[in-house]
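One structure is given below, encoded as structure tokens.
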Amino acid sequence: MVPLRLFLADDHEIVRFGLRNLLESQFGWSVVGEAGDGKEAVEKIFLLEPDVALLDISMPSMNGLDAAREILGRGSRTKILILSVHDSQDVIQQVLDSGAKGYVLKSDAMRDLIAAVDAVRSNKTFFTHKIAQAVFDRQIKRMSDHAKNRPTLVRKKHAGT
């Protein structure tokens, strides 16, 4: 398989250390750079051009969502995977709107991170089970709300029929 170049952005050094060890345990995967804040991540990603960047949402100077928007908005081919503790509907929607290809809760990272990176590198989306369920539930609610608000068609009977 083709080597994979990864970038890590999280404001906690111990988290980056753990992620690096987990990711580099995969054959051909290497972490080519790290950042402790969003601005530094944007600068280094444009310099290093990794295949996949893992961005934490909560970082100083620029959060991971704003960094993702800037990276993708400036035409980078780096695929973005968001890694966070946040799972509210509002945050999920912001992740989807940012252009990120995946969203992994930190609580699920040991189980799902390798599969998430593998999916994102193949230009597929990936959401941990809890996030996928929330996205699905939200879509079902939207469809239900739309059906309730749709005007019903009333047919008038014509005289003589």
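Labeling convention for the structure tokens: chains A, B, ... as they appear, residues from 1 per chain, ligands from 1 in order of appearance.
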DSSP on the backbone, then: every residue of chain A marked strand (DSSP E or B), written as a ChimeraX atom specification. /A:4-9,29-35,52-56,79-84,102-105,126-127
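Listed by chain and then by rising number, the residues of stretch 39-97 of chain A that DSSP assigns to helix (DSSP H, G or I) from the backbone are Lys39, Glu40, Ala41, Val42, Glu43, Lys44, Ile45, Phe46, Leu47, Leu48, Gly64, Leu65, Asp66, Ala67, Ala68, Arg69, Glu70, Ile71, Leu72, Gly73, Gln89, Asp90, Val91, Ile92, Gln93, Gln94, Val95, Leu96 and Asp97 of chain A.
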Would you kindly return, as an NGL selection string, each protein, DNA or RNA residue with an atom no farther than 12 Å from any atom of stretch 126-142 of chain A, considering only C-alpha atoms and excluding same-chain residues fewer than 4 positions away? :A and (79-96 or 100-122 or 146-149)
Write out as a ChimeraX atom specification each polymer residue whose atoms come within 10 Å of A:Asn21, counting only C-alpha atoms; drop sequence neighbours fewer than 5 positions from it. /A:15-16,26,30-31
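Each of A:Ala35, A:Phe27, A:Ser144, A:Asp10 was checked against A:Asp56 using only C-alpha atoms; the smallest atom-to-atom distance is that of A:Asp10.
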Using only C-alpha atoms, determine which residues lie at most 12 Å from A:Ser76, disregarding the query and same-chain residues fewer than 6 positions distant; provide the list as a list in words. Val42, Glu43, Lys44, Ile45, Phe46, Leu47, Leu48, Glu49, Pro50, Asp51, Val52, Ala53, Ala67, Ala68, Arg69, Glu70 and Gly99 of chain A
Point out the residue among A:Trp29, A:Gly36, A:Ala9, A:Ser98 with the least atom-to-atom distance to A:Asp66, counting only C-alpha atoms. A:Ser98
Can you pull out the residues contacting A:Pro60? Cut-off 7 Å, using only C-alpha atoms, and skip same-chain residues under 3 positions away; I want them as a PyMOL selection string. chain A and resi 37-38+63
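Atom CA of A:Ser25 lies 27.8 Å from atom CA of A:Lys39.
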